[in-house]
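Taking it in order: structure first as structure tokens, then the write-up.
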Amino acid sequence: MNKNIPVNPTYHEVINDSVREWEKNKGAKYKEYRKKWSENPKSFLLEDAPLHLDIEPTNACNLKCPMCPRTILVNDDEKKGNFKVGMMSMDTFKKIIDEAVAIGVYSIKLNWLGEPLVHPQIVEMVRYAKEQGIVDVMFNTNAVTLTEDLSRDLIEAGLDKIFFSFDSPYKEKYEEIRVGASYEESLNNIKRIVKLRNELGKTSPITRISMVLMEDNKDEYEAFVHLFKDSVDAVSYVEYRTPIGEEKEIDTSIDFACSQLWQRMFISWDGDVIVCCVDSERGYVPGNIHKDSIQNIWKNEKYMNIRNKHQNGEWYKINICKKCDLPYKKKDGTV
């Protein structure tokens with residue numbers, strides 16, 4: 001059964017020529033990876049290993065953005081006691097990277113629920129992954145603690161891409177959403193890393209800035225693009241996702257299968273494997289990398305069960321998938 005699987009349906013970008021030139025100059029392995037990323041889910045082609053790993057160095061964060069699942073989890077009295085904040089050790093990270101390289105993982109993103117710059121060894125993590133041969137190393141950040149020294153260290157460590165979350169072109173609205181951040185400081189931090197990269201004669205990291213498009217800020221996107229289009233390599237928005245814990249009225253006639261199940265695996269700071277970016281409550285955990293290998297977990301019974309349900313048009317039989325917006329999106333990304 002062939003499905004109309006959305007691939008990266010939530011990001012909408014205005015891309016500068018620098019991104020196209022950067023991708024054009026990447027080697028054959030990168031191009032092979034991007035082709036598999038787009039094509040494998042469409043035919044349900046399952047590799048022996050994930051194409052990509054989302055590795056969470058920490059679930060700690062220095063901000064309290066109201067729309068973030070992490071903020072909701074921490075603030076919810078019923079769940080607060082179950083949310084344990086921690087840091088992945090460097091030994092665990094190296095173990096993950098060593099296996100990832102051995103089994104053919106192409107890329108990694110260094111975050112999930114937390115802010116990666118909070119981890120004191122984030123530069124060492126980037127450097128180790130690049131030295132071992134990971135083709136594409138990236139992470140999302142709020143840029144609050146992106147100092148000049150840290151920016152230079154990340155550039156020299158070989159970071160390929162850095163994605164900034166900003167959310168509004170206006171100071172008052174930005175600081176209302178990004179609780180705990182300073183508009184001017186974050187803006188200066190973002191512009192500075194691009195300036196440093198260019199001064200060092202580097203083309204990486206590619207920079208992208210995005211906002212979460214919500215009802216109360218959707219009219220700001222044009223001003224957002226204008227503010228950043230000459231400062232970073234890509235400007236984008238990501239659509240707001242329904243908060244955790246909410247289920248929709250299920251439409252079983254929707255023809256949908258999630259591309260992530262054939263592309264990527266999420267590994268939390270404590271080693272739990274998550275199959276989906278939305279599953280912040282860990283409702284579907286197929287394994288833990290301290291108890292089994294990445295490769296074994298990738299094809300174990302629990303992982304294959306969720307893939308089979310999606311492949312057979314029964315995504316709605318998985319509880320975490322009932323909470324997801326993606327089945328209801330049209331081809332243009334709207335709901």
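The chains in the structure tokens are called A, B, ... from first to last as shown; in each chain the residues are counted from 1, and the ligands are counted from 1 in the order shown.
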
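Neighbours of range 160-170 of chain A closer than or equal to 7 Å, with only C-alpha atoms counted and sequence neighbours fewer than 6 positions away skipped, come out as A:Asp136, A:Val137, A:Met138, A:Phe139, A:Asn140, A:Thr141, A:Asn142, A:Ala143, A:Ser204, A:Pro205, A:Ile206, A:Thr207, A:Arg208, A:Ile209, A:Ser210, A:Met211, A:Val212, A:Glu220, A:Ala223, A:Phe224, A:Leu227.
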
*asked:* Residues near Ile155 in chain A, anyone? I mean within 10 Å using only C-alpha atoms, not counting same-chain ones fewer than 4 positions away, as a PyMOL selection string.
replied: chain A and resi 123+126-127+150-151+159-162+193-194+196-197+200+202-205

*Find the residues near Met88 in chain A: any atom within 12 Å, counting only C-alpha atoms, skip ones fewer than 5 places away on the same chain, and give them as a list of chain:residue names.*
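Returned residues: A:Ile55, A:Glu56, A:Pro57, A:Thr58, A:Asn59, A:Ala60, A:Phe93, A:Lys94, A:Lys95, A:Ile96, A:Leu110, A:Asn111, A:Gly114, A:Pro116, A:Val118, A:His119, A:Pro120, A:Gln121, A:Ile122, A:Met125, A:Ile267, A:Ser268, A:Trp269, A:Asp270, A:Gly271, A:Asp272, A:His290.
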
*If you measure from CA of Ile177 in chain A to CA of Arg282 in chain A, what distance in Å do you get, rounded to one decimal?*
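According to the coordinates, CA of Ile177 in chain A and CA of Arg282 in chain A are separated by 25.3 Å.
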
Apply DSSP to the backbone of this structure and, from range 23-61 of chain A, keep only the residues in alpha helix (DSSP H); write these as a compact mmCIF listing (two decimals) with N, CA, C and O atoms, in the first residue's frame.
# COMPACT_ATOMS: atom_id res chain seq x y z
N GLU A 23 24.59 23.25 -0.16
CA GLU A 23 24.16 21.88 -0.45
C GLU A 23 24.78 21.37 -1.75
O GLU A 23 25.13 20.19 -1.86
N LYS A 24 24.91 22.23 -2.71
CA LYS A 24 25.51 21.86 -4.00
C LYS A 24 26.94 21.38 -3.81
O LYS A 24 27.41 20.47 -4.50
N ALA A 28 29.06 13.37 -1.95
CA ALA A 28 28.10 12.37 -2.42
C ALA A 28 27.33 11.73 -1.26
O ALA A 28 26.14 11.40 -1.41
N LYS A 29 27.99 11.58 -0.13
CA LYS A 29 27.32 10.92 1.00
C LYS A 29 26.17 11.77 1.52
O LYS A 29 25.10 11.25 1.87
N TYR A 30 26.36 13.08 1.56
CA TYR A 30 25.29 13.97 2.01
C TYR A 30 24.12 13.91 1.03
O TYR A 30 22.95 13.85 1.45
N LYS A 31 24.42 13.93 -0.25
CA LYS A 31 23.36 13.90 -1.26
C LYS A 31 22.62 12.57 -1.24
O LYS A 31 21.40 12.52 -1.44
N GLU A 32 23.35 11.49 -0.98
CA GLU A 32 22.73 10.18 -0.83
C GLU A 32 21.76 10.18 0.35
O GLU A 32 20.64 9.67 0.27
N TYR A 33 22.20 10.77 1.45
CA TYR A 33 21.37 10.87 2.65
C TYR A 33 20.09 11.65 2.39
O TYR A 33 18.99 11.21 2.75
N ARG A 34 20.20 12.80 1.74
CA ARG A 34 19.02 13.62 1.50
C ARG A 34 18.05 12.95 0.53
O ARG A 34 16.83 13.09 0.66
N LYS A 35 18.58 12.19 -0.41
CA LYS A 35 17.70 11.46 -1.33
C LYS A 35 16.94 10.37 -0.58
O LYS A 35 15.73 10.20 -0.76
N LYS A 36 17.63 9.64 0.28
CA LYS A 36 16.97 8.61 1.07
C LYS A 36 15.93 9.22 2.01
O LYS A 36 14.85 8.64 2.22
N TRP A 37 16.26 10.37 2.58
CA TRP A 37 15.33 11.05 3.50
C TRP A 37 13.99 11.33 2.81
O TRP A 37 12.92 11.16 3.37
N SER A 38 14.07 11.77 1.56
CA SER A 38 12.86 12.10 0.81
C SER A 38 12.17 10.88 0.23
O SER A 38 10.94 10.80 0.23
N GLU A 39 12.95 9.93 -0.27
CA GLU A 39 12.37 8.83 -1.04
C GLU A 39 11.99 7.60 -0.21
O GLU A 39 10.99 6.95 -0.50

*Using the chain letters and numbers from this document, which residues of range 21-264 of chain A does DSSP assign to strand (DSSP E or B), as a ChimeraX atom specification?*
/A:52-55,58,87,107-109,136-141,161-165,206-213,234-239,264

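In this structure, CA of Phe256 in chain A sits 5.7 Å away from CA of Pro327 in chain A.
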
Give me the residues of range 104-217 of chain A that have any atom at most 12 Å from an atom of range 44-47 of chain A; for each, the nearest atom pair and the distance in Å, rounded to one decimal. Use only C-alpha atoms, sort by chain and number, and format it as a Markdown table.
| residue | atom | partner | partner_atom | distance |
| --- | --- | --- | --- | --- |
| A:Gly104 | CA | A:Glu47 | CA | 9.3 |
| A:Val105 | CA | A:Glu47 | CA | 9.8 |
| A:Tyr106 | CA | A:Glu47 | CA | 11.7 |

Write the residues you've just listed into a file as a PDB file, in the first residue's frame, and include C-alpha atoms for each of them.
ATOM      1  CA  GLY A 104      25.557   3.924   8.726  1.00  0.00           C
ATOM      2  CA  VAL A 105      23.717   6.791  10.418  1.00  0.00           C
ATOM      3  CA  TYR A 106      24.236   9.933   8.334  1.00  0.00           C
TER       4      TYR A 106
END

*When distances are computed from only C-alpha atoms, which of A:Thr252, A:Gln311, A:Asn300, A:Gln295 shows the smallest separation from Ala100 in chain A?*
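Going through A:Thr252, A:Gln311, A:Asn300, A:Gln295 one by one, the smallest distance to Ala100 in chain A is for A:Gln295.
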
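If only C-alpha atoms are the atoms counted, then among A:Cys277, A:Val19, A:Met265, A:Val238 the closest residue to Lys323 in chain A is A:Cys277.
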
*Suppose you want the space between CA of Asn16 in chain A and CA of Asn189 in chain A; what is it in Å?*
20.0 Å

*May I have the residues within 6 Å of Asp54 in chain A as a list in words, using only C-alpha atoms and disregarding those fewer than 6 positions away in the same chain?*
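Contacts, in chain order: Ile108, Lys109 and Phe266 of chain A.
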
*Which residue, A:Cys258, A:Met214, A:Ile306, A:Arg70, has the smallest gap to Ser43 in chain A when you use only C-alpha atoms?*
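Distance minimum relative to Ser43 in chain A lands on A:Cys258.
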
*asked:* When you count only C-alpha atoms, which of these residues is closest to Leu51 in chain A: A:Val179, A:Leu73, A:Met67, A:Leu261?
replied: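 Selected residue with least distance to Leu51 in chain A: A:Leu261.
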
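Proximity of A:Ile274, A:Ile103, A:Val135, A:Val74 to Asp48 in chain A, computed with only C-alpha atoms, is greatest for A:Ile103.
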